[in-house]
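The block underneath contains the structure these notes are about, expressed in structure tokens.
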Amino acid sequence: MNKRSKLNGLKLARVATLSFSLLSQLKKQLEDYKEEGIDITLVSGSDDGMSIIDELKINHKKIVIPRDISIIRDLIALFKLYFFFKSNKFDIVHSTTPKAGLLTAIAAYLAGVPLRFHTFTGQAWANLKGLKRWICIFMDKVIISLNTKVFADSNSQVKFLYENNVIRNKKNIHVLGNGSLAGVDLDVFSKSQIKNRDQNRENINIPYNAFVFIFLGRINIDKGIKELLEAFISIVKGNSEAYLLLVGPFDIKDPVEKSRIENTINKTKNILRHNYTSHPEIFLSMSDVLCCPSYREGFGTVIIEAGAMGLPSIGSNVIGLEDSIIHNETGLLFEKGNKEELRKNMKLLMNNPDLRKRLGSNAYHNSVNNFSSSKLSQLVLDEYKNYYE
């Protein structure tokens with residue numbers, strides 16, 4: 001512990017809807033908090049991320065924050081957050097994810113928390129229309145107005161918020177470094193992992209000569225899972241050496257839609273699915289191309305994690321992914337929702353090893369040079385230091 005640190009003894013709460021949201025990207029940053037002597041408490045629901053929280057021996061307060069609008073449950077969460085912040089006298093409260101951001105902003109403001117930060121990691125309302133869209137935009141405006149400082153994890157997201165009149169000045173929201181929520185832990189996401197490629201494939205029954213596409217994240221309609229499955233089904237019909245790895249928890253609320261997606265996965269050959277993992281680098285090490293056909297993203301951290309291991313990515317041309325994928329340099333972008341264009345890009349990289357190698361090499365250098373988690377952690381700590389006295 002750095003006892004001379006200006007932040008030694010600072011009481012910090014990081015808040016998100018799910019512990020998975022905190023731990024999937026912030027593990028390195030949380031370790032750096034502890035190194036600085038920060039008294040850190042994580043506030044979220046209790047889910048698949050809890051095992052890592054236990055490993056890191058970080059305080060955790062379980063407060064269930066509904067992701068959808070639910071007046072009664074939202075009020076319960078708001079009161080719980082308020083009393084927790086009030087009784088613990090935090091110096092800084094820092095939130096991510098939309099609903100957690102709104103309730104945290106209100107509760108921390110009312111509780112008199114002196115420093116209140118929020119990081120936008122994408123807009124859930126990007127594809128909504130009508131009243132729901134208006135309500136969500138209003139929620140984001142409340143988050144901005146009640147926080148001491150607000151960040152976004154990509155420059156295209158700031159532009160989007162400005163163009164939709166959520167902010168009047170682009171300077172109202174700040175992007176740290178080149179973007180992303182917490183960067184890439186280069187000690188974890190490293191080309192050195194590739195040496196275990198064949199063994200890792202053998203462990204889950206993937207042939208050593210197979211071509212493996214990987215999807216890493218929540219299995220959700222907004223993540224483009226339907227288009228990905230349809231594109232892969234077309235590919236695997238003509239090439240039995242193609243495999244698709246789906247790594248992440250199911251997040252489909254409609255039971256009929258969920259059942260349909262599960263049945264498609266189960267009946268399609270060469271699709272392997274794994275639930276939440278605390279070691280995504282293992283699955284990336286056995287893969288050739290990352291697919292991220294999302295309808296919306298804040299930045300797309302998984303893109304730069306894959307890049308740090310030399311993998312090119314295919315992603316939809318949406319806000320956030322436009323920052324993490326440089327088209328035809330570190331990966332390929334396609335029109336959102338266009339399954340045929342996605343399929344063509346998948347086949348292109350599968351059948352063109354030289355292009356794949358070039359994109360993968362560029363992706364590696366882009367991640368290593370621009371998105372180190374150590375640099376991002378230091379930028380966040382510097383923000384805390386600038387405000388905390």
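Labeling convention for the structure tokens: chains A, B, ... as they appear, residues from 1 per chain, ligands from 1 in order of appearance.
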
query = Where does DSSP see helix (DSSP H, G or I) in stretch 135-295 of chain A, if you list the residues as number ranges by chain?
reply = A: 135-146, 155-163, 170-172, 191-203, 221-223, 225-238, 255-267, 280-285

Selection to disk with C-alpha atoms, as a compact mmCIF listing (two decimals), in the first residue's frame:
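New file out-v2.txt:
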```txt
# COMPACT_ATOMS: atom_id res chain seq x y z
CA ILE A 135 -37.97 9.34 -20.28
CA CYS A 136 -34.52 7.79 -20.71
CA ILE A 137 -33.07 11.02 -22.10
CA PHE A 138 -34.54 12.89 -19.13
CA MET A 139 -32.91 10.34 -16.81
CA ASP A 140 -29.52 11.00 -18.41
CA LYS A 141 -30.00 14.74 -17.99
CA VAL A 142 -30.73 14.22 -14.28
CA ILE A 143 -27.56 12.12 -13.94
CA ILE A 144 -25.52 14.91 -15.53
CA SER A 145 -27.08 17.68 -13.44
CA LEU A 146 -26.63 15.98 -10.06
CA ASN A 155 -15.78 10.25 -28.08
CA SER A 156 -18.54 9.12 -30.43
CA GLN A 157 -20.81 8.76 -27.40
CA VAL A 158 -20.19 12.39 -26.43
CA LYS A 159 -21.02 13.43 -29.98
CA PHE A 160 -24.22 11.36 -29.86
CA LEU A 161 -25.32 12.96 -26.58
CA TYR A 162 -24.64 16.41 -27.99
CA GLU A 163 -26.53 15.75 -31.22
CA LYS A 170 -19.40 18.71 -25.49
CA LYS A 171 -17.18 19.90 -22.64
CA ASN A 172 -19.91 18.86 -20.20
CA LYS A 191 -0.22 -12.87 -26.80
CA SER A 192 1.56 -15.18 -24.37
CA GLN A 193 -1.83 -16.81 -23.79
CA ILE A 194 -1.72 -18.20 -27.32
CA LYS A 195 0.80 -20.85 -26.28
CA ASN A 196 -2.09 -22.63 -24.55
CA ARG A 197 -4.29 -22.47 -27.62
CA ASP A 198 -4.29 -26.17 -28.55
CA GLN A 199 -4.73 -27.37 -24.97
CA ASN A 200 -7.56 -24.92 -24.34
CA ARG A 201 -9.30 -26.10 -27.50
CA GLU A 202 -8.87 -29.72 -26.52
CA ASN A 203 -10.42 -29.01 -23.13
CA ILE A 221 -31.06 -9.29 -28.65
CA ASP A 222 -29.49 -5.81 -28.55
CA LYS A 223 -26.08 -7.45 -28.79
CA ILE A 225 -27.14 -12.40 -31.25
CA LYS A 226 -29.88 -13.24 -33.76
CA GLU A 227 -27.91 -11.86 -36.71
CA LEU A 228 -24.75 -13.63 -35.53
CA LEU A 229 -26.50 -16.99 -35.27
CA GLU A 230 -28.09 -16.65 -38.70
CA ALA A 231 -24.78 -15.63 -40.28
CA PHE A 232 -22.93 -18.50 -38.64
CA ILE A 233 -25.57 -21.08 -39.59
CA SER A 234 -25.08 -20.08 -43.23
CA ILE A 235 -21.28 -20.37 -42.88
CA VAL A 236 -21.19 -23.71 -41.07
CA LYS A 237 -23.41 -25.31 -43.71
CA GLY A 238 -20.59 -24.86 -46.18
CA PRO A 255 -39.33 -16.35 -22.45
CA VAL A 256 -40.49 -17.19 -25.96
CA GLU A 257 -37.56 -15.36 -27.56
CA LYS A 258 -35.15 -16.86 -25.06
CA SER A 259 -36.40 -20.37 -25.79
CA ARG A 260 -36.10 -19.75 -29.53
CA ILE A 261 -32.50 -18.55 -29.24
CA GLU A 262 -31.57 -21.44 -26.92
CA ASN A 263 -33.08 -23.97 -29.33
CA THR A 264 -31.19 -22.45 -32.25
CA ILE A 265 -27.92 -22.67 -30.32
CA ASN A 266 -28.55 -26.24 -29.19
CA LYS A 267 -29.51 -27.60 -32.60
CA PRO A 280 -12.20 -14.50 -20.88
CA GLU A 281 -8.58 -14.55 -22.03
CA ILE A 282 -8.71 -18.36 -22.07
CA PHE A 283 -11.54 -18.33 -24.60
CA LEU A 284 -9.94 -15.56 -26.65
CA SER A 285 -6.71 -17.58 -26.79
```

Any chance you could tabulate, as JSON lines, the residues of stretch 55-174 of chain A at most 10 Å from stretch 300-310 of chain A with each one's nearest atom pair and distance in Å to one decimal, using only C-alpha atoms, in chain and rising number order?
```
{"residue": "A:Thr121", "atom": "CA", "partner": "A:Gly300", "partner_atom": "CA", "distance": 9.0}
{"residue": "A:Gly122", "atom": "CA", "partner": "A:Gly300", "partner_atom": "CA", "distance": 9.5}
{"residue": "A:Asp153", "atom": "CA", "partner": "A:Gly300", "partner_atom": "CA", "distance": 9.1}
{"residue": "A:Ser154", "atom": "CA", "partner": "A:Gly300", "partner_atom": "CA", "distance": 9.1}
```

key: Shell around A:Ser287 at 8 Å using only C-alpha atoms, local window under 2 positions removed, as a PyMOL selection string   = chain A and resi 211-214+283-285+289-290+311

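Taking only C-alpha atoms into account, A:Leu348 lies nearest to A:Ile314 out of the set A:Leu321, A:Ile206, A:Ile314, A:Ile167.
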
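Closest approach to A:Thr268 among A:Ala242, A:Val380, A:Val93, A:Leu56 is made by A:Ala242 (distances from only C-alpha atoms).
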
query = Separation of atom CA of A:Ser373 and atom CA of A:Lys27, in Å?
reply = 9.7 Å

query = Which residue gives the smallest distance to A:Asn270 among A:Ile204, A:Asn328, A:Ile63, A:Asp254, with only C-alpha atoms counted?
reply = A:Ile204
